[in-house]
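Student: Take this structure first; my questions come after.
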Amino acid sequence: MTDKVADIEEAAEPPASSQSSADVAKGRMTDNVPEIEEAVEPSASPLSSADFLHNMEAEQMTPTKYSIISRNGIGTTGKHIPLLVNLFKVDVNAPDPDTMFFQYSVTITLEDKRSVESKGIGRKVIDKLYQTYSSELGGKRFAFDGGRALYTVGPLPLNKYKLKVLLEESFTKCSAENPGANGSLCKETKRSKHSFQSKTFIVEISFAAKISLQSIVFKEVESDSNSEDALRVLDIIMRQRAANCGCLLVRQSFFHDDSRNFTDIGAGVTAVSGFHSSFRPTQRGLFLNMDVSTTMIIKPGPVIDFLLANQQVREPRYIDWAKAKKMLKNLRVQATHRNQQFKISGLSEKPCIQLLFSMKVKNGNGNNEGQTVDITVYEYFAKHCGIELTSSAYLPCLDVGKPNRPIYLPLELCSLVSLQRYTKVLSPMQRASLVEKSRQKPQDRIKILKSAVGNYCYDDDPVFAACGISIEKQLTLVEGRVLETPKLKVGKNDDCFPNSGRWNFNKKILLQPSHIDYWAVVNFSARCDTSYISRELIRCGMSKGINIERPYTLIEEEPQLRKSNPVTRVERMFDLLASKLTREPNLILCVLPERKNCDIYGPWKKKCLSEIGVVTQCISPLKITDQYLTNVLLKINSKLGGINSLLAIEHSGHLPLIKDFPTMILGMDVSHSSLGRSDIPSIAAVVGSRSWPLISRYRATVRMQASKLEIIEALYKPLENGSDDGIIRELLLDFYQSSNGRKPTQFIVFRDGVSESQFKQVLDIELSQIIKAYQHLGEVNVPKFTVVVAQKNHHVKLFLANGPENVPPGTVVDTTITHPRNYDFYMCAHAGSIGTSKPVHYHVLLDEIDFSADGLQDLIHSLSYVNQRSTTATSVVAPISYAHHAAAQMGQFFNFNDLSETSASEGNIPIPELPKLHKNVRSSMFFC
């Protein structure tokens, strides 16, 4: 059985069926799991980066001279194999070679000049506009983005329009017997059922720009700068088509309200499957990228049923109404006794049977000018609507009114509307359920995608037809290469040959095992036998070459503390440790009461790593096996300075282009909150290689920065006294001290998470900061740089053309479907045993070290085999994986969920200072 690293501390490269909630938060779907659309709006990050760029310019930081390079060749090594890719060829045969998109600015207001912000209403207004004024607009069909831009193929007759649009919507009118304004609602009457509400909108249209359609026909390698605008128009046409079908739109994915696409994953959350669609330029022209996508929605249906499921209680009397109010706020409900939808603004303080409101009673003449009486909502529905409330009489009512004008609806008469997004982080149980129920084998995914492209009949869209656009219905055939698997070195100078991207330590020992002579075990879990765990760990350690003495002390948590808050529990445990230990331990093994989502984890790590300075390993074993213990020992050995394995070529000191010049490898990542809140800071982490010429040992440095800011701001951080407190200085000093006094003259930078629109900022801002930090240490010369961006949040999938399995580990594609101008390639370094594997999309922005195409691909492939916490090839290079784990682990030092809603709404909360790591663990691989 192949070793997989024990999965308690954020998870190592996850087994094929696992994915951490932190990955979901950032949209980091590695492979074999559903493509989950992010909760965070994509516009937040580039805007923040632009602000940061402005600040950098204000500080007179000179941008670098670097430009994004073009492709310098393609790889040739490896076994050639035929592949299919989920890209569908797009033919553009415009009737006129000079066909242009015309862009118009659109403003939609009400008659009182109030702006209309809702995209849903905006689309209805524009649809009505076309129906009403088609002849005045030359019969042109529109592509409307739902906001302030409208596109046509060819020009409208005039450059400016100001038109009135009357929009009518049927609704249920509140009659004299149905006084909604007084606080409650009742069933429809024959008189009110056919009422209509009319609103007049003013639509102003003015010409803005022309966009060439021919710019998207990539017949040559060089691309027109106008092409991004043209591609955006095509994507808008695609989104409009989905919107017209009533789909939920999430960025470039769309989801139908079809229960066949729904999967219940627990706690009132439903996964809904849909499709991602976007147009992509490639070396062979324009393609449509179509993929299966998933987003989370609130489970539609009765509100009470949702609350019971969400809070996992059996009866309404156990519902936490404070949590319920927070969860329900701003959700839409359908009143089941009448045909109308409302948005929830809150909950009543009193139950339905006690909740009073004032209403006027008719006098003898039958009009409403009689006396005003107070009546409960319960009585109102019973006497005036003929509805006997049962399950919600003693429960709060939903408030669907305005702050000063409440409207109350009994809970049992309300159902949650379908397709309302759930944007919170999934629990481990929900994640496991989602993965289990959403797996798709490669051949099944191929069938679904081919069917989708055929069923949606994109060729029939009138705007596409006007462009002469047609889309093929078959996946594209490409040629891939499978790179040779690197050989590893383990203990006793043994060779280790990974098979299908996996290896193990059966009958092998670690390359450099540690010695643990003084350690302790603490137990927060009542169900674990720590004596048995420690004995088995010692036994397994001996078989792997690790000499582990008996633990000096085993401490069980006091039972009366188990209901205390996490910080109190941790502090008390350390008080007990201090009373037992006589000196500083090598290691503290911590047994947690539950996996991953344990609230003790963050305070425990903060205490150990920041305050005490001791290496710690957290576990929560469901079953003690050799497999599990080996995984734990791999992590412990790495944290204590040992080495589990090295690349054979690294062990021999013969790494090309790295062995001759001191080379530092950087892995850079920024983790953002997925809670959709502007008060939660982002966390930037950078790992740097140490002990050159090794490429398997790293040190991490982590900083907090402004929320949603993607560009790292603390790489170079000059202080008033002239010193530098930035990330790079720390890593450079560590490299110097661990590499026999050698300073790096080359940097290989792996950057994760940035979009193509931010590539230039990586060079202009981040690379500039690295150079500043380097020169601040007294170096005049500028080192050489190779900068590579790794993207995992994309929708390109590779399939074997002649088999049902996933593509083999080491598969590379660097022709046909790659960018027409830039230097990029796809690599699937890992093995996918279930589901459909997804490659990492690597973009080479700069290469002053002058790697050959084969040389750089081999290095990246090899760096997927050096992760010390894993015995499987990781999907992305180890430095990026380490940076992600470091950010996630130190982010646990704070409980951001405790920040108040008030502070979230203010949006000006100062960024907290991240506690510094203790000097004893600062250079350790604590993130393993």
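Letters A, B, ... go to the chains of the structure tokens in the order shown; residues in each chain start at 1; ligands are counted from 1 in the same order.
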Mind listing the strand (DSSP E) residues of range 250-404 of chain A, per DSSP on the backbone, as a count of residues only?
Tutor: 67
Student: Pick from A:Arg314, A:Arg481, A:Lys784, A:Lys838: nearest to Val796 in chain A, with only C-alpha atoms counted?
Tutor: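 Closest candidate: A:Lys838.
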Student: Report as JSON lines: every residue of range 606-657 of chain A with an atom at most 12 Å from range 840-856 of chain A, its closest pair of atoms, and their distance in Å to one decimal, counting only C-alpha atoms, with rows sorted by chain and ascending residue number.
Tutor:
{"residue": "A:Leu655", "atom": "CA", "partner": "A:Gly855", "partner_atom": "CA", "distance": 10.2}
{"residue": "A:Pro656", "atom": "CA", "partner": "A:Gly855", "partner_atom": "CA", "distance": 8.0}
{"residue": "A:Leu657", "atom": "CA", "partner": "A:Ile849", "partner_atom": "CA", "distance": 7.7}
Student: Between CA of Ala878 in chain A and CA of Ala432 in chain A, what distance in Å does the model show, to one decimal?
Tutor: 24.6 Å
Student: Range 615-621 of chain A: which residues within 8 Å, counting only C-alpha atoms, same-chain residues fewer than 6 positions away excluded, as a VMD selection string?
Tutor: chain A and resid 8 to 9 586 to 595 601 605 608 to 609 628 632 635 to 636 639 to 640 921 926
Student: Convert the current residue selection to file output with N, CA and C atoms, as a CSV table (one decimal), in the first residue's frame.
Tutor:
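So the final result, stored in result_28.csv, reads:
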chain,number,residue,atom,x,y,z
A,8,ILE,N,-4.0,15.6,9.1
A,8,ILE,CA,-4.6,16.3,10.2
A,8,ILE,C,-4.2,17.8,10.1
A,9,GLU,N,-2.9,18.1,9.8
A,9,GLU,CA,-2.5,19.5,9.7
A,9,GLU,C,-2.6,20.0,8.3
A,586,ASN,N,12.1,17.9,22.7
A,586,ASN,CA,12.3,17.9,21.3
A,586,ASN,C,11.0,18.1,20.5
A,587,LEU,N,9.9,17.5,21.1
A,587,LEU,CA,8.7,17.3,20.4
A,587,LEU,C,7.5,17.2,21.4
A,588,ILE,N,6.4,17.8,21.1
A,588,ILE,CA,5.2,17.5,21.8
A,588,ILE,C,4.2,16.9,20.8
A,589,LEU,N,3.7,15.7,21.1
A,589,LEU,CA,2.7,15.1,20.3
A,589,LEU,C,1.3,15.4,20.9
A,590,CYS,N,0.5,16.0,20.1
A,590,CYS,CA,-0.8,16.5,20.6
A,590,CYS,C,-1.9,15.7,20.0
A,591,VAL,N,-2.7,15.0,20.8
A,591,VAL,CA,-3.9,14.3,20.3
A,591,VAL,C,-5.1,15.2,20.4
A,592,LEU,N,-5.7,15.5,19.3
A,592,LEU,CA,-6.9,16.4,19.2
A,592,LEU,C,-8.1,15.6,19.3
A,593,PRO,N,-9.2,16.2,19.8
A,593,PRO,CA,-10.5,15.5,20.0
A,593,PRO,C,-11.2,15.2,18.6
A,594,GLU,N,-10.9,16.0,17.6
A,594,GLU,CA,-11.6,15.8,16.3
A,594,GLU,C,-10.7,16.3,15.2
A,595,ARG,N,-11.0,15.9,14.0
A,595,ARG,CA,-10.1,16.2,12.9
A,595,ARG,C,-10.3,17.6,12.2
A,601,TYR,N,-6.8,23.6,17.7
A,601,TYR,CA,-5.7,23.5,16.8
A,601,TYR,C,-5.0,24.9,16.7
A,605,LYS,N,-1.2,25.6,18.2
A,605,LYS,CA,-0.1,25.9,17.3
A,605,LYS,C,0.5,27.3,17.6
A,608,CYS,N,2.7,26.8,20.8
A,608,CYS,CA,3.9,26.1,20.6
A,608,CYS,C,4.9,26.8,19.7
A,609,LEU,N,4.4,27.3,18.6
A,609,LEU,CA,5.3,27.9,17.6
A,609,LEU,C,5.8,29.3,17.8
A,628,TYR,N,-0.6,4.9,8.9
A,628,TYR,CA,-0.9,6.2,9.5
A,628,TYR,C,0.4,6.6,10.3
A,632,VAL,N,2.7,10.1,9.9
A,632,VAL,CA,3.0,11.0,11.0
A,632,VAL,C,4.5,11.2,11.2
A,635,LYS,N,6.3,13.6,8.7
A,635,LYS,CA,6.1,15.0,9.1
A,635,LYS,C,7.0,15.4,10.3
A,636,ILE,N,7.0,14.5,11.3
A,636,ILE,CA,7.8,14.8,12.5
A,636,ILE,C,9.3,14.9,12.1
A,639,LYS,N,10.1,18.2,10.4
A,639,LYS,CA,10.0,19.4,11.3
A,639,LYS,C,11.2,19.4,12.2
A,640,LEU,N,11.8,18.3,12.5
A,640,LEU,CA,13.0,18.2,13.4
A,640,LEU,C,14.3,18.4,12.7
A,921,VAL,N,12.1,27.6,16.3
A,921,VAL,CA,11.4,26.9,15.2
A,921,VAL,C,11.3,27.7,14.0
A,926,PHE,N,8.1,23.9,9.9
A,926,PHE,CA,6.9,23.7,10.8
A,926,PHE,C,5.6,23.4,10.0
Student: Calculated over only C-alpha atoms, which of the candidates A:Ile771, A:Gly613, A:Met290, A:His884 has the smallest distance to Gly667 in chain A?
Tutor: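 Counting only C-alpha atoms, the residue closest to Gly667 in chain A is A:His884.
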Student: Would you compute the distance between CA of Phe279 in chain A and CA of Pro97 in chain A? Give it in Å to one decimal.
Tutor: 20.2 Å
Student: Report, in Å with one decimal, the straight-line distance from CA of Thr376 in chain A to CA of Pro351 in chain A.
Tutor: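 That distance, rounded to one decimal, is 9.7 Å.
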Student: Report as an MDAnalysis selection string: the residues of range 545-624 of chain A with a DSSP assignment of helix (DSSP H, G or I), based on the backbone of this structure.
Tutor: chainID A and resid 559:561 566:580 601:612
Student: Which polymer residues have any atom within 8 Å of an atom of Glu650 in chain A, counting only C-alpha atoms, with same-chain residues fewer than 6 positions away left out, as a ChimeraX atom specification?
Tutor: /A:693-695
Student: Could you name the residues that touch range 533-542 of chain A at 7 Å or less, counting only C-alpha atoms, but leaving out those on the same chain fewer than 3 positions away, as a PDB file with C-alpha atoms, in the first residue's frame?
Tutor:
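Writing done, so here's result-v8.pdb:
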ATOM      1  CA  ASP A 529      -5.072   5.527  24.499  1.00  0.00           C
ATOM      2  CA  THR A 530      -1.901   7.628  24.463  1.00  0.00           C
ATOM      3  CA  GLY A 545      15.525   4.621  11.248  1.00  0.00           C
ATOM      4  CA  ILE A 546      14.203   7.165  13.768  1.00  0.00           C
ATOM      5  CA  ASN A 547      15.469   6.512  17.282  1.00  0.00           C
ATOM      6  CA  ILE A 548      12.625   7.505  19.632  1.00  0.00           C
ATOM      7  CA  ASP A 626       1.581   1.341  10.241  1.00  0.00           C
ATOM      8  CA  LEU A 629       2.146   6.119  11.847  1.00  0.00           C
ATOM      9  CA  THR A 630       4.584   6.287   8.929  1.00  0.00           C
ATOM     10  CA  LEU A 633       6.719  10.196  11.259  1.00  0.00           C
TER      11      LEU A 633
END
Student: Neighbours of Phe275 in chain A within 6 Å (only C-alpha atoms; same-chain residues fewer than 5 positions away dropped), as number ranges by chain?
Tutor: A: 253-254, 291-293
Student: I need the chosen residues saved as a tab-separated table (two decimals), in the first residue's frame, with N, CA and C atoms.
Tutor:
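Once written, part25.tsv looks like this:
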chain	number	residue	atom	x	y	z
A	253	SER	N	-19.66	30.59	-15.09
A	253	SER	CA	-20.39	29.33	-15.00
A	253	SER	C	-21.88	29.60	-14.87
A	254	PHE	N	-22.69	28.65	-15.28
A	254	PHE	CA	-24.14	28.82	-15.18
A	254	PHE	C	-24.77	27.53	-14.68
A	291	ASP	N	-16.61	22.98	-19.35
A	291	ASP	CA	-16.28	22.05	-18.28
A	291	ASP	C	-17.44	21.96	-17.30
A	292	VAL	N	-17.49	20.86	-16.57
A	292	VAL	CA	-18.48	20.70	-15.50
A	292	VAL	C	-18.05	21.57	-14.32
A	293	SER	N	-18.99	22.28	-13.73
A	293	SER	CA	-18.70	23.16	-12.61
A	293	SER	C	-19.73	22.94	-11.51
Student: List as JSON, numbers by chain the protein and nucleic acid residues near Val106 in chain A, meaning an atom at most 6 Å away when only C-alpha atoms are counted, but skip any in the same chain fewer than 3 places from it.
Tutor: {"A": [148, 149, 204, 205]}
Student: Nearest residue to Asn504 in chain A out of A:Met238, A:Tyr408, A:Met359, A:Asn631, using only C-alpha atoms?
Tutor: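 Smallest distance to Asn504 in chain A is found for A:Asn631.
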